[in-house]
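Chemist: Could you have a look at this structure, given as structure tokens, before my questions?
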Number of protein chains: 2
Amino acid sequence: MDGGLLEKEQIMQARILSVGLIVLMFSMVGCGRSETSPTQAQNSGGSDAINQLAADRGLTPDDVRAALMTYQPSGRLDDYIMFSSGGHSGQVFVIGMPSMRLLRSIAVFTPESWQGWGYGVGDEVLAGGDVNGKANRWGDTHHPALSETGGDYDGQWLFINDKANARIAVIDLRDFETKQIVKNPVAINDHGGAMVTPNTEYVIEGGQYATPLGWSYAPLEQYNQSYRGMVTLWKFDRKAGRIDPQRSFALELPPYWQDIFDAGKLASEGWIFGNSFNTELATGGIEKGNAPFEAGASQRDADYLHIINLKKAEQAYKDGKFDRVNGFAVISLKTCIDEGILFFAPEPKSPHGVDVAPKGEFIVVSGKLDPHVTIYSIDRIKQAIADQNWELEAYGVPVLDLDAVVEARVEVGLGPLHTQFDPHGYAYTSLFLDTQVARWTLGGAYSELHPEPAWTVAGKVRVHYNVGHIATAEGDTVSPDGKYLVSMNKWSVDRFFHPGPLFPQNFQLIDITEGGDKMQLLYDMPIGVGEPHYAQIIEAAKLKPWAIYPEVGWDPHTQQVRADAAKAGEERIERDGKTVHVYMTAVRSHFNPEHVEVNEGDHVVWSITNVERAEDATHGLAIPAYNINLSLEAGEAVTFEFDADQPGTFAFYCSEFCSALHLEMAGYLLVKPAEMAMSQ
Amino acid sequence: MDGGLLEKEQIMQARILSVGLIVLMFSMVGCGRSETSPTQAQNSGGSDAINQLAADRGLTPDDVRAALMTYQPSGRLDDYIMFSSGGHSGQVFVIGMPSMRLLRSIAVFTPESWQGWGYGVGDEVLAGGDVNGKANRWGDTHHPALSETGGDYDGQWLFINDKANARIAVIDLRDFETKQIVKNPVAINDHGGAMVTPNTEYVIEGGQYATPLGWSYAPLEQYNQSYRGMVTLWKFDRKAGRIDPQRSFALELPPYWQDIFDAGKLASEGWIFGNSFNTELATGGIEKGNAPFEAGASQRDADYLHIINLKKAEQAYKDGKFDRVNGFAVISLKTCIDEGILFFAPEPKSPHGVDVAPKGEFIVVSGKLDPHVTIYSIDRIKQAIADQNWELEAYGVPVLDLDAVVEARVEVGLGPLHTQFDPHGYAYTSLFLDTQVARWTLGGAYSELHPEPAWTVAGKVRVHYNVGHIATAEGDTVSPDGKYLVSMNKWSVDRFFHPGPLFPQNFQLIDITEGGDKMQLLYDMPIGVGEPHYAQIIEAAKLKPWAIYPEVGWDPHTQQVRADAAKAGEERIERDGKTVHVYMTAVRSHFNPEHVEVNEGDHVVWSITNVERAEDATHGLAIPAYNINLSLEAGEAVTFEFDADQPGTFAFYCSEFCSALHLEMAGYLLVKPAEMAMSQ
């Protein structure tokens, strides 16, 4: 990598640059804050100091611009919020832009003790993701989807999939906490999720590696006849704030490996699009002398773009034209074909992107092993269907004629992967193999928005390294904002100090405010807590998070006051046989009660309420030996249970540094040994 | 908070500032990179663009300086590395400075699926922290301690305590992974850990909330006679890279609540110091009409500084003058008194800092409820002991005469908490209630290093808000570097977009390169993944992390090649009765074998090796339904086991985006239902 060379050059440039900075600082000294005396201005670095600083730090003019574009003075809030998946951390990252600062990791599929998630808080939500009643307590989050109204982000909900166990989580953006996890009853893993329809009627979850539906056992020799792909349409109930499995359904698909899905919008509303790979039906087995999947699944020049008529699928479901798998409604492949629900079109091999343009008329597909992006037109697709301009593939699905449905092709570079959009008629496609992002022009109604000819490459920017997905501000909605593009890079190699052999991955912030080839890399953000797989970026002003819970005694799970919430003045401990119910409050800086005395073998039901009404007044409750830690935001009430199976003397305490007397915010859990309790 | 006012003012200033920036940018355009044409320089923002940018962004001169001091161009490595506890996240954060970017969260006490920690990797290490054989899978990390040689950081090891369950973890800084967790056999919770002696002979772990030793049951009525405090000296074996419990011991202390400890160095080497609170012996019980702990533990004007003669303690241990509690060596309180191991001195009430100055001659104590820091002299302490200038407290411990041992007092402000040092004879003390950091001058041999009179306040800087601990670069060693101070703030309130009612906490980077009152706040770093409780900052050049594991087949736990590591060319599956042993390799972009066929009820032992030798070439192994996810760095080998209790067809895959054909890096685990297996 050219780090060394770059550095020398930067230092040289900085020496020259410092001339300019001297001039800058003279003007600065004259314009300190009103309450700033010249002396203080000197303190904060006079011309010599800044001059020396720039030279020492070797900042080029571009570096200075980037620094000034991304720096947020203390107390300055960010303009945009990025929601990024955490990959196999199982969480979702909330990142402020342009400062690229991590504001929160939302605990979703993986227990996280700072938020108490899985340690007394959210246990019932996590249990919703059990697989055959077996706890699976991690996730591989891939594609976050913000709820939409009219194809635009509305800032109310966030959905995220778990690739490993085919699960979907629902996050409420009032408190940024996970409210529901549903396990897909048909597939054991997924990939094409979560994506939403333009008014969030449905959350889309596409499969990945084919298995028999319900992931029941079948030998690989029966792959073609027994294994299947799928796409699930989860019905979202906005009022309840929950996915409703009873009103959801799946489509049976051939055992090709589904990849990414996207919902049509505007011109293509009512359709959904997905792509696929391994249409070779390879089953691997390198140990048996077979081609490994990487080769076997990459033989054909084309895979199949999946084109689904959602309206017809809905109708078939309403008409009861479905079977049940694990009790879940599944529209059979035959019905999908017979009812005109499912069509294919050839697409460039091993695709990993299917992205609908802002007006909905174009669908952009990237095939990682083809240097082009291929643009399909929804009008052409509809016409080809009307004309029955198709051939049937092995499973009887109509494959539309490629030339009839393709609007354009653009050669963007090696390893095209994912495409995003801006308001100026530009599309941006990540190039995994070139480790670049290409900016190219859309045609049709977008042609007037940019000076370059339609369907041509306008510029490229280098990234570091192996870019997967990218995100532009609101870049997959009907009204992209442009301004910023974030590249999510899989390898960082020489970009950062590496903390051992596990290197951080890398978000790179790129300025796309100017057109043509004018794109500047502004900021490198390492992320050493997960794999940033995919992200969406929303204007911060669209989010209306709560600063405290609406009422004291609030249950974040139901978003209403708990009936059993402990109330100030009514703290107590009640015994009913071998069940002990604790009603406890927390306030700076004590718990009430401070003593909890039970007998070994008792079952303890512990309700605790943080009765604070001040913003940021969070308390924790840590109980040693019992694997319990809560995070209680102002107003929050939680009830947790455990069996008092560990006799002894245990000091519980507040795990948030809440006040000067935080260390004194403690109490004793006394578990009297069974033999002593009986001898009473 | 004054965010609004500040903002208006900043915009006003920026308008004026932009004049200066125009001049700056003229010089910039003239000094673009050698390969940069004027046009391109314009692209990267000509004078108008920068002018507008500064005005729009409302940056003051101080903001510009701060931006240029903290910005790291792409590929520029940070100069310092901060190791911060994650509080009740149970992890350790690795942060680059001055950019304040999170490079990694090291999984320690809490399972973390991105690193596979607790999901097939590190399970045996986590099990070391079980409490009475019961899994406790979270921690409350408080005080990281870098290993030292001669009182200076040597960059080899990191230790961290878990307050909740009184555990200490050992992290190897070659691969930044946790190698050992030990549970304290005497205490159920701790606080004064982890601190190390100047050559890392011992890792110190002080208690917190008193319980009967071994946390056995005793009613609170027996508090004075049955409850006890403790400090444990864990022997660290550098060669083995492990704490050796067989060569470790604890001291029994009165049931005061121990707080922070620090090891003496240079002038005070061979001594350790701790402080305490609740010398009132309060037992709380607000629900019974008693004073709550916050009041009961804050009645006396003074608590007790604990002064321990480590050499004499070691001798008593060597002479067998100890009892055993839960099999662990404990030197009784009586022996501590009789052998001259333990002394007290009065200290300001409710202290939370005991910090030894660089040369070791002064011990600085901060009492949160006293506006002074109190400075003790080791020479005076030794003299008072020699003179037997003491009175005995309730448990017979000699309490040295305060006037005899105090060197100085400095009134620093409200809520003094923690003190760090720099090379210029300045000390820095966090002020929780004033939300400031005070810089003050040391006397004695340090007087010549600073212009101000000894033992006086030189300046203060405001922080946001409720600062707990602070860290300066190598600021608790025998040779502090100065340069940077980081304030760890408990509340952020209005500093950031708040993602729901759970606000991020806040690291603030402060420039302390200049003397006197010249301290500038440079950067706010929110941290939404844990509570940054305490940190140490080391020069990056002192760390020598591995980029890949030394040999293929490496076991990070033992730091040597695994005997059972799967080797390239020797991949296989062996059955021995109902046990199936899989020997698998991973390389871009396939697993070998790709098919793993077992029967329901089999026990599966799965050895996998990442045979890559390229830096950053990490692979994962995700197995649905079985709660398994591994992170395998280049060369790493892991063996994990599970019972095949879930029949069906499960696709396993690589959970790291490792190549363009990453999605094809998958295989099938086929678990044949028992009835089908039997019918064969």
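Identifiers for the structure tokens are assigned positionally: chains receive A, B, ... in sequence, residues are indexed from 1 per chain, and ligands are indexed from 1 in the order shown.
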Need to verify the contact set: region 314-327 of chain A, 12 Å, only C-alpha atoms, exclusion of same-chain residues closer than 2 positions in sequence. Can you return it as a PyMOL selection string?
Modeler: chain A and resi 132+183-187+201-202+212-216+230+232-235+245-252+270-271+308-312+329-341
Chemist: Residues near Phe503 (chain A), anyone? I mean within 10 Å using only C-alpha atoms, not counting same-chain ones fewer than 4 positions away, as a VMD selection string.
Modeler: (chain A and resid 490 to 499 526 to 528) or (chain B and resid 103 to 104 547 to 548 615 to 618 633)
Chemist: How would the residues just picked look written out with N, CA and C atoms as a PDB file, in the first residue's frame?
Modeler:
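Everything below was put into again-v4.pdb:
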```pdb
ATOM      1  N   LYS A 490     -14.476  -4.329   3.795  1.00  0.00           N
ATOM      2  CA  LYS A 490     -14.325  -5.584   4.531  1.00  0.00           C
ATOM      3  C   LYS A 490     -12.950  -5.740   5.136  1.00  0.00           C
ATOM      4  N   TRP A 491     -11.941  -5.242   4.446  1.00  0.00           N
ATOM      5  CA  TRP A 491     -10.577  -5.334   4.966  1.00  0.00           C
ATOM      6  C   TRP A 491     -10.051  -3.926   5.204  1.00  0.00           C
ATOM      7  N   SER A 492      -9.237  -3.753   6.232  1.00  0.00           N
ATOM      8  CA  SER A 492      -8.613  -2.440   6.442  1.00  0.00           C
ATOM      9  C   SER A 492      -7.093  -2.510   6.261  1.00  0.00           C
ATOM     10  N   VAL A 493      -6.518  -3.704   6.397  1.00  0.00           N
ATOM     11  CA  VAL A 493      -5.093  -3.937   6.127  1.00  0.00           C
ATOM     12  C   VAL A 493      -4.203  -2.898   6.846  1.00  0.00           C
ATOM     13  N   ASP A 494      -3.779  -1.847   6.125  1.00  0.00           N
ATOM     14  CA  ASP A 494      -2.785  -0.910   6.669  1.00  0.00           C
ATOM     15  C   ASP A 494      -3.408   0.408   7.140  1.00  0.00           C
ATOM     16  N   ARG A 495      -4.740   0.462   7.208  1.00  0.00           N
ATOM     17  CA  ARG A 495      -5.369   1.756   7.519  1.00  0.00           C
ATOM     18  C   ARG A 495      -5.240   2.179   8.967  1.00  0.00           C
ATOM     19  N   PHE A 496      -5.144   1.190   9.861  1.00  0.00           N
ATOM     20  CA  PHE A 496      -5.186   1.502  11.297  1.00  0.00           C
ATOM     21  C   PHE A 496      -4.170   0.666  12.067  1.00  0.00           C
ATOM     22  N   PHE A 497      -3.845   1.113  13.275  1.00  0.00           N
ATOM     23  CA  PHE A 497      -3.135   0.236  14.204  1.00  0.00           C
ATOM     24  C   PHE A 497      -3.996  -1.017  14.340  1.00  0.00           C
ATOM     25  N   HIS A 498      -3.372  -2.193  14.153  1.00  0.00           N
ATOM     26  CA  HIS A 498      -4.207  -3.397  14.227  1.00  0.00           C
ATOM     27  C   HIS A 498      -4.067  -4.047  15.599  1.00  0.00           C
ATOM     28  N   PRO A 499      -5.177  -4.164  16.304  1.00  0.00           N
ATOM     29  CA  PRO A 499      -5.154  -4.739  17.648  1.00  0.00           C
ATOM     30  C   PRO A 499      -5.129  -6.265  17.602  1.00  0.00           C
ATOM     31  N   PRO A 526     -12.873   3.252  11.648  1.00  0.00           N
ATOM     32  CA  PRO A 526     -12.731   1.822  11.925  1.00  0.00           C
ATOM     33  C   PRO A 526     -13.881   1.376  12.820  1.00  0.00           C
ATOM     34  N   ILE A 527     -14.231   0.120  12.712  1.00  0.00           N
ATOM     35  CA  ILE A 527     -15.298  -0.389  13.575  1.00  0.00           C
ATOM     36  C   ILE A 527     -14.867  -1.772  14.085  1.00  0.00           C
ATOM     37  N   GLY A 528     -14.407  -1.795  15.321  1.00  0.00           N
ATOM     38  CA  GLY A 528     -13.862  -3.016  15.909  1.00  0.00           C
ATOM     39  C   GLY A 528     -14.838  -3.727  16.813  1.00  0.00           C
TER      40      GLY A 528
ATOM     41  N   LEU B 103     -10.962   1.115  17.848  1.00  0.00           N
ATOM     42  CA  LEU B 103     -10.300   0.113  17.004  1.00  0.00           C
ATOM     43  C   LEU B 103     -10.791  -1.293  17.297  1.00  0.00           C
ATOM     44  N   ARG B 104     -11.183  -1.529  18.540  1.00  0.00           N
ATOM     45  CA  ARG B 104     -11.675  -2.863  18.886  1.00  0.00           C
ATOM     46  C   ARG B 104     -12.299  -2.852  20.265  1.00  0.00           C
ATOM     47  N   ALA B 547       0.208  -9.644  13.435  1.00  0.00           N
ATOM     48  CA  ALA B 547      -0.717  -9.381  12.323  1.00  0.00           C
ATOM     49  C   ALA B 547      -1.385 -10.684  11.880  1.00  0.00           C
ATOM     50  N   ILE B 548      -0.643 -11.781  12.014  1.00  0.00           N
ATOM     51  CA  ILE B 548      -1.223 -13.115  11.810  1.00  0.00           C
ATOM     52  C   ILE B 548      -0.666 -14.012  12.912  1.00  0.00           C
ATOM     53  N   GLU B 615      -2.449 -11.187   5.944  1.00  0.00           N
ATOM     54  CA  GLU B 615      -2.982 -10.340   7.004  1.00  0.00           C
ATOM     55  C   GLU B 615      -4.427  -9.975   6.719  1.00  0.00           C
ATOM     56  N   ASP B 616      -5.240  -9.977   7.757  1.00  0.00           N
ATOM     57  CA  ASP B 616      -6.645  -9.570   7.658  1.00  0.00           C
ATOM     58  C   ASP B 616      -7.528 -10.640   7.015  1.00  0.00           C
ATOM     59  N   ALA B 617      -6.967 -11.807   6.731  1.00  0.00           N
ATOM     60  CA  ALA B 617      -7.739 -12.874   6.069  1.00  0.00           C
ATOM     61  C   ALA B 617      -8.462 -13.723   7.121  1.00  0.00           C
ATOM     62  N   THR B 618      -9.427 -13.108   7.757  1.00  0.00           N
ATOM     63  CA  THR B 618     -10.211 -13.783   8.788  1.00  0.00           C
ATOM     64  C   THR B 618     -11.378 -14.529   8.150  1.00  0.00           C
ATOM     65  N   GLU B 633      -8.871 -16.029  12.906  1.00  0.00           N
ATOM     66  CA  GLU B 633      -7.876 -15.192  12.257  1.00  0.00           C
ATOM     67  C   GLU B 633      -6.857 -16.079  11.537  1.00  0.00           C
TER      68      GLU B 633
END
```
Chemist: Enter the distance from CA of Thr579 (chain B) to CA of Ala666 (chain B), in Å, rounded to one decimal.
Modeler: 23.2 Å
Chemist: Counting only C-alpha atoms, what is within 10 Å of Tyr446 (chain A), bar same-chain residues fewer than 3 positions away, as a list in words?
Modeler: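 Contacts, with the query itself left out: Ala357, Pro358, Lys359, Pro423, His424, Gly425, Tyr426, Thr441, Leu442, Gly443, Leu449, His450 and Ala454 of chain A.
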Chemist: Those residues with all heavy atoms, as an mmCIF file, in the first residue's frame please?
Modeler:
```cif
data_model
loop_
_atom_site.group_PDB
_atom_site.id
_atom_site.type_symbol
_atom_site.label_atom_id
_atom_site.label_comp_id
_atom_site.auth_asym_id
_atom_site.auth_seq_id
_atom_site.Cartn_x
_atom_site.Cartn_y
_atom_site.Cartn_z
ATOM 1 N N ALA A 357 -34.403 2.185 -8.847
ATOM 2 C CA ALA A 357 -34.111 3.626 -8.959
ATOM 3 C C ALA A 357 -35.217 4.444 -8.277
ATOM 4 O O ALA A 357 -36.330 3.946 -8.068
ATOM 5 C CB ALA A 357 -33.976 4.011 -10.431
ATOM 6 N N PRO A 358 -34.919 5.716 -7.936
ATOM 7 C CA PRO A 358 -35.855 6.523 -7.136
ATOM 8 C C PRO A 358 -37.275 6.582 -7.689
ATOM 9 O O PRO A 358 -38.240 6.520 -6.927
ATOM 10 C CB PRO A 358 -35.197 7.907 -7.135
ATOM 11 C CG PRO A 358 -33.737 7.634 -7.242
ATOM 12 C CD PRO A 358 -33.642 6.427 -8.150
ATOM 13 N N LYS A 359 -37.430 6.693 -8.993
ATOM 14 C CA LYS A 359 -38.780 6.785 -9.555
ATOM 15 C C LYS A 359 -39.406 5.405 -9.775
ATOM 16 O O LYS A 359 -40.558 5.320 -10.213
ATOM 17 C CB LYS A 359 -38.744 7.556 -10.869
ATOM 18 C CG LYS A 359 -38.208 8.977 -10.732
ATOM 19 C CD LYS A 359 -38.119 9.652 -12.089
ATOM 20 C CE LYS A 359 -37.287 10.933 -12.042
ATOM 21 N NZ LYS A 359 -37.888 11.965 -11.159
ATOM 22 N N PRO A 423 -29.871 12.718 -5.742
ATOM 23 C CA PRO A 423 -30.951 13.492 -6.395
ATOM 24 C C PRO A 423 -30.555 14.073 -7.740
ATOM 25 O O PRO A 423 -31.370 14.725 -8.393
ATOM 26 C CB PRO A 423 -31.230 14.620 -5.385
ATOM 27 C CG PRO A 423 -30.012 14.744 -4.573
ATOM 28 C CD PRO A 423 -29.257 13.464 -4.632
ATOM 29 N N HIS A 424 -29.308 13.842 -8.168
ATOM 30 C CA HIS A 424 -28.811 14.471 -9.391
ATOM 31 C C HIS A 424 -28.734 13.498 -10.572
ATOM 32 O O HIS A 424 -28.015 13.752 -11.542
ATOM 33 C CB HIS A 424 -27.440 15.085 -9.123
ATOM 34 C CG HIS A 424 -27.412 15.931 -7.893
ATOM 35 N ND1 HIS A 424 -28.200 17.063 -7.747
ATOM 36 C CD2 HIS A 424 -26.735 15.802 -6.716
ATOM 37 C CE1 HIS A 424 -27.989 17.599 -6.551
ATOM 38 N NE2 HIS A 424 -27.125 16.851 -5.905
ATOM 39 N N GLY A 425 -29.455 12.371 -10.448
ATOM 40 C CA GLY A 425 -29.469 11.423 -11.560
ATOM 41 C C GLY A 425 -28.241 10.541 -11.646
ATOM 42 O O GLY A 425 -28.027 9.861 -12.636
ATOM 43 N N TYR A 426 -27.455 10.562 -10.574
ATOM 44 C CA TYR A 426 -26.287 9.680 -10.523
ATOM 45 C C TYR A 426 -26.628 8.411 -9.756
ATOM 46 O O TYR A 426 -27.392 8.440 -8.787
ATOM 47 C CB TYR A 426 -25.104 10.356 -9.826
ATOM 48 C CG TYR A 426 -24.460 11.490 -10.595
ATOM 49 C CD1 TYR A 426 -24.387 12.760 -10.035
ATOM 50 C CD2 TYR A 426 -23.891 11.285 -11.847
ATOM 51 C CE1 TYR A 426 -23.770 13.810 -10.710
ATOM 52 C CE2 TYR A 426 -23.270 12.332 -12.532
ATOM 53 C CZ TYR A 426 -23.217 13.588 -11.958
ATOM 54 O OH TYR A 426 -22.609 14.623 -12.619
ATOM 55 N N THR A 441 -24.228 7.571 -14.706
ATOM 56 C CA THR A 441 -25.428 8.382 -14.956
ATOM 57 C C THR A 441 -26.622 7.520 -15.345
ATOM 58 O O THR A 441 -26.510 6.587 -16.139
ATOM 59 C CB THR A 441 -25.178 9.373 -16.108
ATOM 60 O OG1 THR A 441 -24.842 8.611 -17.281
ATOM 61 C CG2 THR A 441 -24.057 10.324 -15.766
ATOM 62 N N LEU A 442 -27.760 7.863 -14.786
ATOM 63 C CA LEU A 442 -29.014 7.234 -15.187
ATOM 64 C C LEU A 442 -29.551 7.941 -16.429
ATOM 65 O O LEU A 442 -29.298 9.134 -16.634
ATOM 66 C CB LEU A 442 -30.036 7.334 -14.057
ATOM 67 C CG LEU A 442 -29.741 6.542 -12.781
ATOM 68 C CD1 LEU A 442 -30.674 6.981 -11.655
ATOM 69 C CD2 LEU A 442 -29.865 5.046 -13.023
ATOM 70 N N GLY A 443 -30.281 7.184 -17.245
ATOM 71 C CA GLY A 443 -30.912 7.777 -18.424
ATOM 72 C C GLY A 443 -32.372 8.099 -18.158
ATOM 73 O O GLY A 443 -32.765 8.361 -17.021
ATOM 74 N N LEU A 449 -30.864 15.764 -15.292
ATOM 75 C CA LEU A 449 -30.333 16.162 -13.981
ATOM 76 C C LEU A 449 -28.807 16.255 -13.959
ATOM 77 O O LEU A 449 -28.233 16.812 -13.026
ATOM 78 C CB LEU A 449 -30.806 15.177 -12.911
ATOM 79 C CG LEU A 449 -32.334 15.072 -12.734
ATOM 80 C CD1 LEU A 449 -32.679 13.972 -11.730
ATOM 81 C CD2 LEU A 449 -32.917 16.406 -12.277
ATOM 82 N N HIS A 450 -28.160 15.661 -14.956
ATOM 83 C CA HIS A 450 -26.688 15.652 -14.949
ATOM 84 C C HIS A 450 -26.173 16.035 -16.339
ATOM 85 O O HIS A 450 -26.846 15.792 -17.334
ATOM 86 C CB HIS A 450 -26.170 14.268 -14.549
ATOM 87 C CG HIS A 450 -26.806 13.146 -15.321
ATOM 88 N ND1 HIS A 450 -26.504 12.875 -16.635
ATOM 89 C CD2 HIS A 450 -27.762 12.247 -14.977
ATOM 90 C CE1 HIS A 450 -27.230 11.843 -17.061
ATOM 91 N NE2 HIS A 450 -28.008 11.457 -16.075
ATOM 92 N N ALA A 454 -26.294 9.896 -20.800
ATOM 93 C CA ALA A 454 -26.940 8.837 -20.022
ATOM 94 C C ALA A 454 -26.136 7.548 -20.083
ATOM 95 O O ALA A 454 -25.444 7.286 -21.072
ATOM 96 C CB ALA A 454 -28.352 8.600 -20.543
#
```
Chemist: Pick the closest to Pro624 (chain A) from A:Gln225, A:Thr649, A:Gln436, A:Thr477: which is it, counting only C-alpha atoms?
Modeler: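 Under the stated criterion, the closest residue is A:Thr649.
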Chemist: Would you please extract all alpha helix (DSSP H) residues from region 164-286 of chain B, as assigned by DSSP on the backbone, and give them as number ranges by chain?
Modeler: B: 223-226
Chemist: Where does DSSP see strand (DSSP E) in region 419-608 of chain A, if you list the residues as a PyMOL selection string?
Modeler: chain A and resi 419-421+426-431+436-441+457-462+467-473+482-489+505-511+520-527+535-539+554-555+560-561+572-576+579-587+590-592+595-599+603-608
Chemist: Write out, as a compact mmCIF listing (two decimals), in the first residue's frame, the residues just selected, with C-alpha atoms.
Modeler:
```txt
# COMPACT_ATOMS: atom_id res chain seq x y z
CA THR A 419 -25.93 0.48 -6.14
CA GLN A 420 -27.28 3.60 -4.45
CA PHE A 421 -28.70 6.85 -5.82
CA TYR A 426 -26.29 9.68 -10.52
CA ALA A 427 -26.05 6.08 -9.44
CA TYR A 428 -23.16 4.77 -7.34
CA THR A 429 -21.95 1.18 -7.54
CA SER A 430 -19.40 -0.44 -5.25
CA LEU A 431 -16.63 -2.40 -7.01
CA GLN A 436 -13.51 1.64 -5.87
CA VAL A 437 -16.93 3.22 -6.01
CA ALA A 438 -18.11 4.15 -9.52
CA ARG A 439 -20.46 7.07 -10.16
CA TRP A 440 -22.51 6.66 -13.33
CA THR A 441 -25.43 8.38 -14.96
CA VAL A 457 -19.41 6.42 -15.94
CA ALA A 458 -18.86 9.94 -14.56
CA GLY A 459 -16.10 9.18 -12.09
CA LYS A 460 -14.59 6.78 -9.59
CA VAL A 461 -13.20 7.09 -6.09
CA ARG A 462 -10.78 4.70 -4.44
CA VAL A 467 -15.91 -2.60 -0.45
CA GLY A 468 -19.14 -4.53 0.02
CA HIS A 469 -22.28 -2.48 0.36
CA ILE A 470 -22.49 1.29 0.17
CA ALA A 471 -25.03 3.78 1.45
CA THR A 472 -25.92 7.30 0.33
CA ALA A 473 -28.12 9.62 2.40
CA GLY A 482 -27.08 12.86 -1.90
CA LYS A 483 -24.38 14.75 0.06
CA TYR A 484 -22.69 11.73 1.66
CA LEU A 485 -21.76 8.25 0.57
CA VAL A 486 -20.45 5.66 2.99
CA SER A 487 -18.34 2.78 1.78
CA MET A 488 -18.39 -0.34 3.97
CA ASN A 489 -15.03 -2.00 3.53
CA GLN A 505 -13.34 -3.13 9.29
CA ASN A 506 -13.76 0.34 7.87
CA PHE A 507 -16.53 2.80 7.08
CA GLN A 508 -15.30 5.49 4.71
CA LEU A 509 -17.21 8.75 4.38
CA ILE A 510 -17.15 10.25 0.87
CA ASP A 511 -18.33 13.72 -0.11
CA GLN A 520 -13.57 13.32 -1.95
CA LEU A 521 -12.79 10.76 0.72
CA LEU A 522 -13.44 12.61 3.98
CA TYR A 523 -13.05 10.19 6.85
CA ASP A 524 -12.02 6.66 7.80
CA MET A 525 -14.04 5.15 10.65
CA PRO A 526 -12.73 1.82 11.92
CA ILE A 527 -15.30 -0.39 13.58
CA ALA A 535 -26.61 0.57 6.22
CA GLN A 536 -29.32 3.13 5.70
CA ILE A 537 -28.82 6.84 6.37
CA ILE A 538 -31.67 9.07 7.51
CA GLU A 539 -31.87 12.80 8.16
CA TRP A 554 -43.06 2.19 31.79
CA ASP A 555 -42.54 -1.24 30.23
CA GLN A 560 -47.24 1.10 28.40
CA VAL A 561 -47.17 1.26 32.19
CA ARG A 572 -42.30 -3.86 49.71
CA ILE A 573 -41.42 -7.54 49.73
CA GLU A 574 -44.29 -10.05 49.68
CA ARG A 575 -44.01 -13.77 50.28
CA ASP A 576 -46.52 -16.24 48.85
CA THR A 579 -42.41 -17.24 45.89
CA VAL A 580 -41.04 -13.90 47.03
CA HIS A 581 -42.09 -10.78 45.11
CA VAL A 582 -39.85 -7.75 45.50
CA TYR A 583 -41.23 -4.30 44.64
CA MET A 584 -38.19 -2.00 44.45
CA THR A 585 -37.57 1.57 43.30
CA ALA A 586 -34.29 3.16 42.25
CA VAL A 587 -33.47 6.87 42.54
CA HIS A 590 -30.46 4.44 46.80
CA PHE A 591 -32.56 1.38 46.19
CA ASN A 592 -35.66 0.80 48.28
CA HIS A 595 -32.28 -5.60 52.08
CA VAL A 596 -33.76 -8.58 50.24
CA GLU A 597 -33.86 -11.67 52.44
CA VAL A 598 -35.00 -14.98 50.97
CA ASN A 599 -34.43 -18.68 51.58
CA HIS A 603 -38.46 -18.37 43.56
CA VAL A 604 -37.84 -14.63 43.40
CA VAL A 605 -39.95 -12.28 41.27
CA TRP A 606 -38.27 -8.89 41.32
CA SER A 607 -40.00 -5.76 40.02
CA ILE A 608 -37.91 -2.61 39.90
```
Chemist: Show me, as number ranges by chain, the residues that have an atom within 6 Å of region 360-366 of chain B when counting only C-alpha atoms, minus same-chain residues fewer than 2 positions from it.
Modeler: B: 265-268, 351, 353-358, 373-378, 416-417
Chemist: Quick one: residues within 8 Å of region 239-242 of chain B, only C-alpha atoms counted, chain neighbours fewer than 6 positions away excluded, as number ranges by chain?
Modeler: B: 170, 172, 179-180
Chemist: Find, counting only C-alpha atoms, the residue in B:Arg238, B:Lys567, B:Lys518, B:Arg613 that gets nearest to chain A.
Modeler: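 Counting only C-alpha atoms, the residue closest to chain A is B:Lys518.
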